[in-house]
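Visitor: Got a file for you: input-v4.pdb, PDB, C-alpha atoms, pLDDT in the B column.
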```pdb
ATOM      1  CA  MET A1345     -58.940 145.391 -39.777  1.00 71.00           C
ATOM      2  CA  ASN A1346     -58.224 145.097 -36.081  1.00 78.00           C
ATOM      3  CA  THR A1347     -55.026 143.892 -34.427  1.00 80.00           C
ATOM      4  CA  LYS A1348     -56.283 140.371 -33.720  1.00 83.00           C
ATOM      5  CA  GLU A1349     -57.226 139.821 -37.366  1.00 84.00           C
ATOM      6  CA  ALA A1350     -53.830 141.128 -38.493  1.00 84.00           C
ATOM      7  CA  ILE A1351     -52.000 138.812 -36.096  1.00 84.00           C
ATOM      8  CA  SER A1352     -54.013 135.795 -37.260  1.00 86.00           C
ATOM      9  CA  ILE A1353     -53.210 136.555 -40.926  1.00 86.00           C
ATOM     10  CA  ILE A1354     -49.506 137.010 -40.177  1.00 86.00           C
ATOM     11  CA  LYS A1355     -49.197 133.937 -37.964  1.00 86.00           C
ATOM     12  CA  SER A1356     -51.087 131.695 -40.407  1.00 88.00           C
ATOM     13  CA  GLY A1357     -47.812 130.831 -42.148  1.00 86.00           C
ATOM     14  CA  ARG A1358     -49.132 132.011 -45.503  1.00 90.00           C
ATOM     15  CA  ILE A1359     -47.446 134.645 -47.635  1.00 92.00           C
ATOM     16  CA  PHE A1360     -48.693 138.191 -46.992  1.00 93.00           C
ATOM     17  CA  SER A1361     -47.845 141.741 -47.984  1.00 93.00           C
ATOM     18  CA  ALA A1362     -47.805 144.539 -45.443  1.00 93.00           C
ATOM     19  CA  GLU A1363     -47.221 148.256 -45.421  1.00 94.00           C
ATOM     20  CA  PHE A1364     -46.224 149.708 -42.065  1.00 93.00           C
ATOM     21  CA  VAL A1365     -44.447 152.609 -40.367  1.00 94.00           C
ATOM     22  CA  LYS A1366     -40.904 151.922 -39.208  1.00 92.00           C
ATOM     23  CA  LYS A1367     -39.397 153.289 -35.985  1.00 91.00           C
ATOM     24  CA  ASP A1368     -37.794 156.187 -37.869  1.00 95.00           C
ATOM     25  CA  GLY A1369     -41.205 157.220 -39.261  1.00 95.00           C
ATOM     26  CA  SER A1370     -40.696 156.037 -42.828  1.00 96.00           C
ATOM     27  CA  VAL A1371     -43.192 153.728 -44.530  1.00 95.00           C
ATOM     28  CA  ARG A1372     -42.001 150.301 -45.622  1.00 94.00           C
ATOM     29  CA  ARG A1373     -43.545 147.587 -47.769  1.00 94.00           C
ATOM     30  CA  MET A1374     -42.806 143.943 -47.101  1.00 93.00           C
ATOM     31  CA  VAL A1375     -43.743 140.578 -48.532  1.00 94.00           C
ATOM     32  CA  GLY A1376     -43.227 138.053 -45.792  1.00 93.00           C
ATOM     33  CA  ARG A1377     -44.108 134.815 -44.126  1.00 93.00           C
ATOM     34  CA  THR A1378     -43.875 133.315 -40.650  1.00 91.00           C
ATOM     35  CA  GLY A1379     -42.673 129.820 -39.863  1.00 87.00           C
ATOM     36  CA  VAL A1380     -39.569 129.904 -42.080  1.00 88.00           C
ATOM     37  CA  LYS A1381     -36.784 127.899 -40.407  1.00 82.00           C
ATOM     38  CA  LYS A1382     -34.411 127.290 -43.316  1.00 83.00           C
ATOM     39  CA  TYR A1383     -32.189 130.352 -42.894  1.00 80.00           C
ATOM     40  CA  LEU A1384     -31.824 130.383 -39.116  1.00 80.00           C
ATOM     41  CA  LYS A1385     -28.259 130.654 -37.871  1.00 80.00           C
ATOM     42  CA  PRO A1386     -27.433 127.619 -35.702  1.00 80.00           C
ATOM     43  CA  ASN A1387     -25.012 129.423 -33.353  1.00 80.00           C
ATOM     44  CA  ALA A1388     -26.838 132.755 -33.060  1.00 77.00           C
ATOM     45  CA  LYS A1389     -26.912 134.484 -29.678  1.00 78.00           C
ATOM     46  CA  PRO A1390     -30.315 134.636 -28.014  1.00 78.00           C
ATOM     47  CA  GLN A1391     -31.929 138.070 -27.934  1.00 78.00           C
ATOM     48  CA  ALA A1392     -31.825 140.080 -24.735  1.00 85.00           C
ATOM     49  CA  TYR A1393     -35.620 140.378 -24.784  1.00 84.00           C
ATOM     50  CA  ASP A1394     -38.634 138.531 -26.167  1.00 87.00           C
ATOM     51  CA  PRO A1395     -39.909 140.512 -29.178  1.00 85.00           C
ATOM     52  CA  ARG A1396     -43.443 139.152 -28.733  1.00 84.00           C
ATOM     53  CA  GLU A1397     -43.689 140.833 -25.310  1.00 88.00           C
ATOM     54  CA  ARG A1398     -43.094 144.196 -27.019  1.00 87.00           C
ATOM     55  CA  GLY A1399     -45.667 143.642 -29.761  1.00 85.00           C
ATOM     56  CA  TYR A1400     -43.315 142.503 -32.532  1.00 90.00           C
ATOM     57  CA  ILE A1401     -43.707 139.395 -34.679  1.00 90.00           C
ATOM     58  CA  PRO A1402     -40.612 137.774 -36.240  1.00 90.00           C
ATOM     59  CA  VAL A1403     -41.224 137.476 -40.007  1.00 92.00           C
ATOM     60  CA  TYR A1404     -39.093 136.243 -42.902  1.00 93.00           C
ATOM     61  CA  ASP A1405     -38.949 138.984 -45.568  1.00 94.00           C
ATOM     62  CA  LEU A1406     -39.101 137.235 -48.949  1.00 92.00           C
ATOM     63  CA  LEU A1407     -37.745 140.228 -50.884  1.00 93.00           C
ATOM     64  CA  LYS A1408     -34.742 140.968 -48.643  1.00 93.00           C
ATOM     65  CA  LYS A1409     -34.230 137.268 -47.815  1.00 92.00           C
ATOM     66  CA  ASP A1410     -33.721 137.982 -44.122  1.00 91.00           C
ATOM     67  CA  TYR A1411     -35.662 138.019 -40.865  1.00 90.00           C
ATOM     68  CA  ARG A1412     -37.375 141.210 -39.700  1.00 91.00           C
ATOM     69  CA  LEU A1413     -39.499 142.203 -36.716  1.00 91.00           C
ATOM     70  CA  LEU A1414     -42.942 143.506 -37.638  1.00 91.00           C
ATOM     71  CA  ASN A1415     -44.716 145.853 -35.224  1.00 91.00           C
ATOM     72  CA  VAL A1416     -48.393 144.968 -35.429  1.00 90.00           C
ATOM     73  CA  GLN A1417     -49.454 148.359 -34.010  1.00 91.00           C
ATOM     74  CA  THR A1418     -48.011 150.307 -36.976  1.00 92.00           C
ATOM     75  CA  ILE A1419     -49.529 148.297 -39.862  1.00 92.00           C
ATOM     76  CA  ILE A1420     -51.227 150.475 -42.477  1.00 93.00           C
ATOM     77  CA  THR A1421     -52.315 147.757 -44.954  1.00 93.00           C
ATOM     78  CA  LEU A1422     -52.168 143.981 -44.847  1.00 92.00           C
ATOM     79  CA  ASN A1423     -53.106 141.572 -47.651  1.00 90.00           C
ATOM     80  CA  LYS A1424     -53.020 137.797 -47.961  1.00 85.00           C
ATOM     81  CA  GLN A1425     -51.209 136.662 -51.099  1.00 75.00           C
ATOM     82  CA  GLU A1426     -52.744 133.996 -53.292  1.00 66.00           C
ATOM     83  CA  VAL A1427     -50.319 131.268 -54.333  1.00 61.00           C
ATOM     84  CA  LYS A1428     -50.880 129.975 -57.848  1.00 58.00           C
TER      85      LYS A1428
END
```
Represent the structure contained in this file as structure tokens.

Guide:
Amino acid sequence: MNTKEAISIIKSGRIFSAEFVKKDGSVRRMVGRTGVKKYLKPNAKPQAYDPRERGYIPVYDLLKKDYRLLNVQTIITLNKQEVK
């Protein structure tokens, strides 16, 4: 799977699972989704940089119940989840 396909799966708004390498070199598994607005903090400070310019995609992690930045370049596996 190339980077463009991975980005289209992630940005589709559907639930996905991903395995990727973190900055510290460890491998992490995540079940996430984009487009989640419910848990945004209304008075949060804006970030000093735009994560999309650095190749990160903001994702809501369904297991940790918090937002994470996913580096598309370090994805090992990516699967779409089927909702029943």

Visitor: Given the file shown, enumerate the residues that the PyMOL selection byres ((chain A and resi 1346) around 12) captures and present them as a compact mmCIF listing (two decimals) with C-alpha atoms, keeping the file's coordinate frame.

Guide:
```
# COMPACT_ATOMS: atom_id res chain seq x y z
CA MET A 1345 -58.94 145.39 -39.78
CA THR A 1347 -55.03 143.89 -34.43
CA LYS A 1348 -56.28 140.37 -33.72
CA GLU A 1349 -57.23 139.82 -37.37
CA ALA A 1350 -53.83 141.13 -38.49
CA ILE A 1351 -52.00 138.81 -36.10
CA SER A 1352 -54.01 135.79 -37.26
CA ILE A 1353 -53.21 136.56 -40.93
CA VAL A 1416 -48.39 144.97 -35.43
CA GLN A 1417 -49.45 148.36 -34.01
CA THR A 1418 -48.01 150.31 -36.98
CA ILE A 1419 -49.53 148.30 -39.86
CA ILE A 1420 -51.23 150.48 -42.48
CA THR A 1421 -52.32 147.76 -44.95
CA LEU A 1422 -52.17 143.98 -44.85
```

Visitor: Please return the centre and edge lengths, in Å to one decimal, of a box with edges along x, y and z that contains all listed atoms of stretch 1376-1390 of chain A, widened by 6 Å on every side, as AutoDock Vina command-line options.

Guide:
```
--center_x -34.6 --center_y 132.7 --center_z -36.9 --size_x 31.1 --size_y 22.8 --size_z 29.8
```

Visitor: Would you work out the distance separating atom CA of A:Pro1402 from atom CA of A:Leu1414, expressed in Å to one decimal?

Guide: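 Computed distance, atom CA of A:Pro1402 to atom CA of A:Leu1414, equals 6.3 Å.
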
Visitor: (-42.8, 129.3, -40.3) in this file's frame - what residues fall within 12 Å of it? Use all atoms listed in the file and give the answer as a list in words.

Guide: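 The residues that fall inside the cut-off are Ile1354, Lys1355, Ser1356, Gly1357, Arg1358, Ile1359, Gly1376, Arg1377, Thr1378, Gly1379, Val1380, Lys1381, Lys1382, Tyr1383, Leu1384, Ile1401, Pro1402, Val1403, Tyr1404, Asp1405 and Tyr1411 of chain A.
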
Visitor: Using all atoms listed in the file, can you tell me which of A:Ala1392, A:Leu1413, A:Lys1408, A:Arg1398 comes closest to A:Lys1366?

Guide: A:Leu1413

Visitor: Run through the PyMOL selection byres ((chain A and resi 1423) around 7) on the given coordinates and return the selected residues as a PyMOL selection string.

Guide: chain A and resi 1360-1362+1421-1422+1424-1425

Visitor: Would you work out the distance separating atom CA of A:Arg1412 from atom CA of A:Pro1395, expressed in Å to one decimal?

Guide: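 One can read the atom CA of A:Arg1412 to atom CA of A:Pro1395 distance as 10.8 Å.
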
Visitor: With distances taken over all atoms listed in the file, which of A:Val1365, A:Val1375, A:Ala1388, A:Ser1370 is nearest to A:Leu1407?

Guide: A:Val1375

Visitor: Grab the atom CA of A:Leu1406 to atom CA of A:Pro1390 distance for me, in Å with one decimal place.

Guide: 22.9 Å
